[in-house]
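J.: Okay, here's the structure, questions in a sec.
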Amino acid sequence: MNSNRRFQKKKNPSNKNGFFFFFRRCKVLLLILISAAVLILSISTLMLSWVAVQKDHTTTQWGGVNHGDMPHLQARRHTQQESRLGKVAETKNQGGGPIRKLNSEPLIKHNVIPIAKSNSGPSNSEIYQPPQKGRRLLTYRRFGGRLNNQLFQFITSLQHAKVLKRTFVVPDEVEDVTWTGMFDKFGIWNLTSLNSAYDIDWTSGLSAEFTTTVPRECRLSPTEAKLLLNGGPTLWEQWDAKCPDVIDIDGTKGLLFCGKQQHQFCGNYEAQMEAYTIYDHIQLSSELLQYLPSKRAEFKDMGYNKLAIHSRRAGGAGYDWEICVRGNSKTCNGHLDRNDQYKFCDSRTMKGNCALWSDLAYQIKNISVLKSKQKDYRFVLASDGTHDWNIDYEGQFIVANNTDWLLALERRVDEDVDPTALLDTMAVSAAARNKLNGQKDLTSIRGRLDSVIATILDLFSLVDSEYLLGAYYSTLSLNACLFRGMDRIYDSNMCWMLMHPDSKYAILPPFQESVHVNQNPKQDDPLPPALMSDVEHAFIRSNDGNFIAIDRYLIRFKGNEMAAKKKEIIGVVGDGLVPITILKNDNGEESVRADFTCSYGNQLNSPATVILMKGHQSYNDHYYSNGEKYNTPFSTNGDRFRTLIILCEKLVKDPSLSKHPPLILKSQNGIFLLSIGSAFQTPVGRVTYVNSSGDQNKKMKDVVHCLSPMYGLKDPRWIIEYLEYHRAIGVSHVHVYNVNMHSPEVQASLQAFRDEEFITRHDWSDKASRGYTTRVTYEHAKWAAQTDCALRSRGIYDYALFSDIDEIAAGGKSDSNTEYPDGHLAPALDMCEEAKQKRGKIACSFNSNTVSSIYTKLNEEEELAMQDKLILERYDGIEAKPHCPANCKCLGNNCTVMTRKFHSGRQKYMMNVRDLTIYPRPMWTHAISRDYDEMDEIMEVLPDEVMHIRHYQGHWYKNSKEAPLPESLMRTVRSGISSSRFSTDQFSKRLIYSKAKDTAKSNRVEWIEIVEMIAQ
């Protein structure tokens, strides 16, 4: 109205211009109307687009395809699962507690690339109409791998047969490792539905001749097999013409995954859905189904069915943590769009999935499953048996028990089967027939039944749960997802990731239900301390609390009676009091009798042998009397030696078991009891045969460095220099025992060396060790750690070097005729090896020389001069002669006569660990043991000019001498710091070192408080 008034107030300049004035007014109105129409059209278009998006469900708050009402989900929702395992309850527990919720910002959007579906024109099954010519069979050859690999291979092959419209011939199960029980009559599977839905021949494959009659040109190579389903009808017709009778899609090269994505079926949407459908038809027998934990009356309505966990162990028993982490990362990254990888494939999720017990809450990705406290979780556990979940979750989980099923089967066989007809009544496959041939009961096949049924019950326990916390890189978890079906993929941390037949990349879970999803593409969530290690130890206490077992081991030993054959002895390293009797013979010689036994599975009450640390006093003094003032049952200062090795020499590890029963140590009266369910620790080494000149043809002695437990370092420079220095002098690998948390910079430095496979990190924190390792009891932790390291290195390395973080090993000046630089360990190793060969010495010790001026505070000019130097270069002086009583023991004449042997000279040592005839024993600080009479016989003392320790502790010395480390070694250290396998800033040694140097106030070791030196 105001505008009109303004218009009306304006005067026409003349009648002559009236028409033009009218035209201008109409023009303006017209423009306004046109603009309004465009705006209305735009709004309508946007609303129609939004409706279409909602209708088609092509986007979500994550930026991916919505999973809510896809046709393939609708068709299967709560149908096949109910028929297989009973209806799944729809209610979910609500949890609280400290969780990482997603913020309100949407994540980066991306477009899901669809795979061709059956509704985009005629399907392949409609197009492909093969000629009815020949026998039209399809088979495969088993490549090995246990039950879950066999299931996946079976289903993949049946998928191919169905798509290619051929009869599926199931190959015989010949070996134990390929046995599934599908052929035989033990009442494991219910395959009625499967046989009704598919054309399967269970007979022809039992003939050995069948496999041999397959023409060579009809045996597909791995490459041909992966291309087969993706090739479509045109390729299939070519194979029909070439092989009308039988096609063997092989399988001897591994599982038939297609594309770059791990755990992905071959073919288009229709073909992949066929594989998923096969899982719907494979069911357990009613006899076996009742033994699932959820079906057992004693566990009903107790909440265990809400969560199921598949636990895998890394960092022990010869299984590298990196194998699991790399497998997880490969699987996760392969199934996600690049823009989503950082959200779900972050290092904490990938590594924590390999040790679920240490980071359980973070690994759960659905908010409804979380609990406010760890003790509130209840779950069904499917574990590989190498981690003892009772340590942290005792009483909170249940496991499937296959023993009752085995006992019921044996009773049924005893009652219903004629013993003379056992073979023909029960066995069909070659594997079962070989086991039962000539047998009248199931004893010979019991071990195989035990292993297979345990795995099957574990598998279907994962299926029969409301939420599955599975392992990304595992065919057991993969099969569990596939058995659970497409309608339940989001009731899991990882099923949705692996199952996306209608898109190239996984369809992300609902935004509002997800937690613990990383939101920073440049930085992962911090790792908890337990995930910053590579080896997790058992640290199990006896029931009286007076003894702690570090781990159970398979100790390599080659006794005189087995000169040509290696033997593994089951043993335990521990610390504390166990029931023993110390005996003396008529000559006063002591021996130890173990008053407890070892049991493992069906091997019960086997005798134990206890090996104590020897000393200069009696066993009774060292084990019982000494160190009474210390309020701990463990080894202490004051020569209390309670670090020991227990050998269960009569026990034999059963290699056929997929899960190993606990090792039980028990006294006859039951007062002492210890059960170790963790992995058997075995020697694992990464050895690189490289000398300083870079010549890899000449093999040098391999040295593993057993670095004593170290406490919270802050400045990363010293540990970087320390490790690079020891690599430069010839150390092949370092075992690092971390007692408490280091700074993030030190942790990043250790990760960089781990990426280079130069170190193995052990978690010896107070929490991980359950109160065993403390500053007060540092020495006992050192002895146990050194013993652990020595056992892990047996037969892998030549020598094990034992020293502390404030000590570096220094070689002498090299001969001009050798290719090794000054300071290298090679001359010392040669001398030590010569002493072994000529004098039977199994170890060499060497003196410790104190580095001078550790406490000296530098002035500004001196600090400036140190700016471009390494910390190792700052301290270039050592004591000119030993300072008694710190580094020697006076024997008379004002200390002109002295000894520096063993603890008197703070000596350290290196021991031969290659020779398996050397009996395992606990390792002391300054020598193998405190019994110096024995040490004189078995240890060689090396002169200082060949090898010594530079000890970065002590006082000022007026009698110091210049002794800089060789410049050639310092150049090598600098070169090592500049190199890094990882290019990321986070794990670049050069960048970590440079940043620490820029922020440091002084160029020095951090464990000394420097002071002004008094001039006089």
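Ordered as shown in the structure tokens, chains take letters A, B, and onward, while each chain numbers its residues from 1 and ligands are numbered from 1 in the order shown.
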Can you pull out the residues contacting stretch 465-478 of chain A? Cut-off 6 Å, using only C-alpha atoms, and skip same-chain residues under 2 positions away; I want them as a list in words.

T.: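 Here the answer would be Asn148, Asn305, Lys306, Leu307, Ala308, Ile309, His310, Gly327, Asn328, Leu462, Val463, Ala480, Cys481, Asp491, Ser492 and Asn493 of chain A.
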
J.: Let me see the file: selected residues, C-alpha atoms, as an mmCIF file, in the first residue's frame.

T.:
```
data_model
loop_
_atom_site.group_PDB
_atom_site.id
_atom_site.type_symbol
_atom_site.label_atom_id
_atom_site.label_comp_id
_atom_site.auth_asym_id
_atom_site.auth_seq_id
_atom_site.Cartn_x
_atom_site.Cartn_y
_atom_site.Cartn_z
ATOM 1 C CA ASN A 148 34.218 -71.810 9.088
ATOM 2 C CA ASN A 305 21.035 -63.384 25.019
ATOM 3 C CA LYS A 306 21.276 -59.594 24.672
ATOM 4 C CA LEU A 307 24.936 -59.589 23.598
ATOM 5 C CA ALA A 308 27.265 -62.114 22.024
ATOM 6 C CA ILE A 309 31.000 -61.541 21.632
ATOM 7 C CA HIS A 310 33.461 -63.215 19.310
ATOM 8 C CA GLY A 327 43.244 -57.732 8.398
ATOM 9 C CA ASN A 328 40.663 -55.591 10.162
ATOM 10 C CA LEU A 462 26.679 -65.552 17.879
ATOM 11 C CA VAL A 463 23.697 -65.996 15.569
ATOM 12 C CA ALA A 480 27.549 -65.532 11.955
ATOM 13 C CA CYS A 481 26.500 -62.390 10.084
ATOM 14 C CA ASP A 491 22.282 -55.283 15.205
ATOM 15 C CA SER A 492 26.040 -55.703 15.052
ATOM 16 C CA ASN A 493 29.241 -53.706 14.999
#
```

J.: Considering only C-alpha atoms, can you say which of A:Phe634, A:Phe846, A:Tyr711, A:Phe753 comes closest to A:Asn738?

T.: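 Using only C-alpha atoms, the shortest distance to A:Asn738 belongs to A:Tyr711.
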
J.: Find the residues around A:Pro964 up to 9 Å (only C-alpha atoms counted), leave out those fewer than 6 positions away in its own chain, and share them as a list in words.

T.: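 Here the answer would be Leu872, Glu873, Arg874, Tyr875, Asp876, Gly877 and Ile878 of chain A.
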
J.: To one decimal place in Å, what is the distance between atom CA of A:Phe483 and atom CA of A:Tyr279?

T.: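 These two atoms are separated by 5.5 Å.
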
J.: Find the residue from A:Met911, A:Ile871, A:Ala594, A:Ala275 that sits nearest to A:Glu1006; use only C-alpha atoms when measuring.

T.: A:Ile871

J.: Go through stretch 436-552 of chain A residue by residue and, counting only C-alpha atoms, keep those with an atom at most 10 Å from stretch 167-179 of chain A; for each kept residue give the shortest atom pair and its distance in Å to one decimal, ordered by chain and increasing number, as a Markdown table.

T.:
```
| residue | atom | partner | partner_atom | distance |
| --- | --- | --- | --- | --- |
| A:Ile445 | CA | A:Asp176 | CA | 9.5 |
| A:Arg448 | CA | A:Asp176 | CA | 7.0 |
| A:Leu449 | CA | A:Trp179 | CA | 9.4 |
| A:Val452 | CA | A:Trp179 | CA | 8.0 |
```

J.: Taking 2 positions as the minimum chain separation for residues in the same chain, which residues sit within 12 Å of A:Arg754 when counting only C-alpha atoms? Answer as a PDB file with N, CA and C atoms, in the first residue's frame.

T.:
```
ATOM      1  N   ASP A 320      50.899 -62.536  15.596  1.00  0.00           N
ATOM      2  CA  ASP A 320      51.211 -61.116  15.637  1.00  0.00           C
ATOM      3  C   ASP A 320      49.950 -60.279  15.724  1.00  0.00           C
ATOM      4  N   TRP A 321      50.015 -59.262  16.562  1.00  0.00           N
ATOM      5  CA  TRP A 321      48.916 -58.321  16.667  1.00  0.00           C
ATOM      6  C   TRP A 321      48.641 -57.698  15.304  1.00  0.00           C
ATOM      7  N   GLU A 322      49.708 -57.402  14.564  1.00  0.00           N
ATOM      8  CA  GLU A 322      49.551 -56.717  13.280  1.00  0.00           C
ATOM      9  C   GLU A 322      48.771 -57.548  12.267  1.00  0.00           C
ATOM     10  N   MET A 532      48.231 -50.214  23.639  1.00  0.00           N
ATOM     11  CA  MET A 532      49.514 -49.684  23.211  1.00  0.00           C
ATOM     12  C   MET A 532      50.615 -50.714  23.350  1.00  0.00           C
ATOM     13  N   SER A 533      50.259 -51.956  23.511  1.00  0.00           N
ATOM     14  CA  SER A 533      51.237 -53.025  23.649  1.00  0.00           C
ATOM     15  C   SER A 533      51.024 -54.048  22.546  1.00  0.00           C
ATOM     16  N   ASP A 534      51.997 -54.932  22.429  1.00  0.00           N
ATOM     17  CA  ASP A 534      51.942 -55.976  21.413  1.00  0.00           C
ATOM     18  C   ASP A 534      51.795 -57.356  22.030  1.00  0.00           C
ATOM     19  N   ARG A 686      61.735 -61.627  14.854  1.00  0.00           N
ATOM     20  CA  ARG A 686      61.884 -60.972  13.560  1.00  0.00           C
ATOM     21  C   ARG A 686      63.363 -60.714  13.384  1.00  0.00           C
ATOM     22  N   ILE A 720      64.274 -42.637  21.397  1.00  0.00           N
ATOM     23  CA  ILE A 720      64.569 -42.703  19.960  1.00  0.00           C
ATOM     24  C   ILE A 720      66.061 -42.916  19.744  1.00  0.00           C
ATOM     25  N   LEU A 723      67.160 -46.558  21.012  1.00  0.00           N
ATOM     26  CA  LEU A 723      66.832 -47.673  20.118  1.00  0.00           C
ATOM     27  C   LEU A 723      67.629 -47.604  18.820  1.00  0.00           C
ATOM     28  N   HIS A 733      66.509 -56.972  17.526  1.00  0.00           N
ATOM     29  CA  HIS A 733      65.146 -56.732  18.016  1.00  0.00           C
ATOM     30  C   HIS A 733      65.217 -56.393  19.490  1.00  0.00           C
ATOM     31  N   VAL A 734      64.227 -55.627  19.966  1.00  0.00           N
ATOM     32  CA  VAL A 734      64.191 -55.201  21.364  1.00  0.00           C
ATOM     33  C   VAL A 734      62.820 -55.514  21.944  1.00  0.00           C
ATOM     34  N   HIS A 735      62.813 -56.155  23.104  1.00  0.00           N
ATOM     35  CA  HIS A 735      61.575 -56.343  23.869  1.00  0.00           C
ATOM     36  C   HIS A 735      61.499 -55.240  24.905  1.00  0.00           C
ATOM     37  N   VAL A 736      60.435 -54.447  24.832  1.00  0.00           N
ATOM     38  CA  VAL A 736      60.259 -53.280  25.697  1.00  0.00           C
ATOM     39  C   VAL A 736      59.133 -53.580  26.677  1.00  0.00           C
ATOM     40  N   GLN A 747      54.985 -42.683  23.384  1.00  0.00           N
ATOM     41  CA  GLN A 747      54.165 -43.762  22.809  1.00  0.00           C
ATOM     42  C   GLN A 747      54.206 -43.725  21.287  1.00  0.00           C
ATOM     43  N   ALA A 748      54.137 -42.527  20.706  1.00  0.00           N
ATOM     44  CA  ALA A 748      54.212 -42.408  19.246  1.00  0.00           C
ATOM     45  C   ALA A 748      55.564 -42.868  18.736  1.00  0.00           C
ATOM     46  N   SER A 749      56.613 -42.583  19.488  1.00  0.00           N
ATOM     47  CA  SER A 749      57.951 -43.034  19.099  1.00  0.00           C
ATOM     48  C   SER A 749      58.034 -44.555  19.103  1.00  0.00           C
ATOM     49  N   LEU A 750      57.504 -45.164  20.148  1.00  0.00           N
ATOM     50  CA  LEU A 750      57.512 -46.624  20.217  1.00  0.00           C
ATOM     51  C   LEU A 750      56.695 -47.235  19.085  1.00  0.00           C
ATOM     52  N   GLN A 751      55.593 -46.579  18.729  1.00  0.00           N
ATOM     53  CA  GLN A 751      54.796 -47.071  17.612  1.00  0.00           C
ATOM     54  C   GLN A 751      55.593 -47.023  16.313  1.00  0.00           C
ATOM     55  N   ALA A 752      56.388 -45.976  16.136  1.00  0.00           N
ATOM     56  CA  ALA A 752      57.206 -45.869  14.928  1.00  0.00           C
ATOM     57  C   ALA A 752      58.191 -47.030  14.836  1.00  0.00           C
ATOM     58  N   GLU A 756      58.349 -50.501  12.238  1.00  0.00           N
ATOM     59  CA  GLU A 756      59.558 -51.000  11.580  1.00  0.00           C
ATOM     60  C   GLU A 756      59.903 -52.409  12.040  1.00  0.00           C
ATOM     61  N   GLU A 757      59.054 -52.992  12.903  1.00  0.00           N
ATOM     62  CA  GLU A 757      59.221 -54.348  13.427  1.00  0.00           C
ATOM     63  C   GLU A 757      60.525 -54.497  14.197  1.00  0.00           C
ATOM     64  N   PHE A 758      60.947 -53.412  14.831  1.00  0.00           N
ATOM     65  CA  PHE A 758      62.194 -53.458  15.595  1.00  0.00           C
ATOM     66  C   PHE A 758      61.945 -53.727  17.070  1.00  0.00           C
ATOM     67  N   ILE A 759      60.756 -53.451  17.566  1.00  0.00           N
ATOM     68  CA  ILE A 759      60.472 -53.670  18.984  1.00  0.00           C
ATOM     69  C   ILE A 759      59.185 -54.462  19.154  1.00  0.00           C
ATOM     70  N   THR A 760      59.077 -55.093  20.313  1.00  0.00           N
ATOM     71  CA  THR A 760      57.831 -55.702  20.782  1.00  0.00           C
ATOM     72  C   THR A 760      57.526 -55.092  22.139  1.00  0.00           C
ATOM     73  N   ARG A 761      56.331 -54.521  22.274  1.00  0.00           N
ATOM     74  CA  ARG A 761      55.948 -53.838  23.509  1.00  0.00           C
ATOM     75  C   ARG A 761      55.128 -54.773  24.404  1.00  0.00           C
ATOM     76  N   HIS A 762      55.497 -54.802  25.677  1.00  0.00           N
ATOM     77  CA  HIS A 762      54.800 -55.622  26.674  1.00  0.00           C
ATOM     78  C   HIS A 762      54.126 -54.709  27.690  1.00  0.00           C
ATOM     79  N   SER A 980      61.836 -43.142   8.465  1.00  0.00           N
ATOM     80  CA  SER A 980      60.599 -43.610   9.076  1.00  0.00           C
ATOM     81  C   SER A 980      59.792 -44.347   8.039  1.00  0.00           C
ATOM     82  N   ARG A 981      59.260 -45.495   8.417  1.00  0.00           N
ATOM     83  CA  ARG A 981      58.433 -46.255   7.489  1.00  0.00           C
ATOM     84  C   ARG A 981      57.116 -45.547   7.237  1.00  0.00           C
ATOM     85  N   PHE A 982      56.575 -44.901   8.275  1.00  0.00           N
ATOM     86  CA  PHE A 982      55.327 -44.166   8.121  1.00  0.00           C
ATOM     87  C   PHE A 982      55.623 -42.737   7.700  1.00  0.00           C
ATOM     88  N   PHE A 987      53.607 -40.591  13.453  1.00  0.00           N
ATOM     89  CA  PHE A 987      54.573 -41.643  13.725  1.00  0.00           C
ATOM     90  C   PHE A 987      55.893 -41.424  12.991  1.00  0.00           C
ATOM     91  N   SER A 988      56.239 -40.209  12.713  1.00  0.00           N
ATOM     92  CA  SER A 988      57.516 -39.889  12.100  1.00  0.00           C
ATOM     93  C   SER A 988      58.528 -39.607  13.195  1.00  0.00           C
ATOM     94  N   LYS A 989      59.572 -40.427  13.290  1.00  0.00           N
ATOM     95  CA  LYS A 989      60.584 -40.229  14.324  1.00  0.00           C
ATOM     96  C   LYS A 989      61.244 -38.864  14.184  1.00  0.00           C
TER      97      LYS A 989
END
```

J.: Have a look at atom CA of A:Leu583 and atom CA of A:Met935 and let me know their distance in Å, one decimal.

T.: 22.6 Å

J.: From the list A:Thr856, A:Thr213, A:Thr636, A:Gln512, which residue is nearest A:Asp245 when using only C-alpha atoms?

T.: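 Result for the nearest residue to A:Asp245: A:Thr213.
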
J.: Pick from A:Gly545, A:Ser743, A:Leu791, A:Pro920: nearest to A:Leu647, with only C-alpha atoms counted?

T.: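 Distance minimum relative to A:Leu647 lands on A:Pro920.
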
J.: Measuring atom to atom with only C-alpha atoms, identify which of A:Ala241, A:Leu459, A:Ile391, A:Ile928 is nearest to A:Gln283.

T.: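 Among the listed residues, A:Leu459 lies closest to A:Gln283.
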
J.: Stretch 692-789 of chain A: which residues are alpha helix (DSSP H) by DSSP, as a PyMOL selection string?

T.: chain A and resi 716-728+744-755+778-789

J.: Grab the atom CA of A:Cys706 to atom CA of A:His824 distance for me, in Å with one decimal place.

T.: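 The value is 17.7 Å.
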
J.: Considering only C-alpha atoms, can you say which of A:Asp806, A:Asp551, A:Glu590, A:Glu724 comes closest to A:Arg974?

T.: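 Under the stated criterion, the closest residue is A:Glu724.
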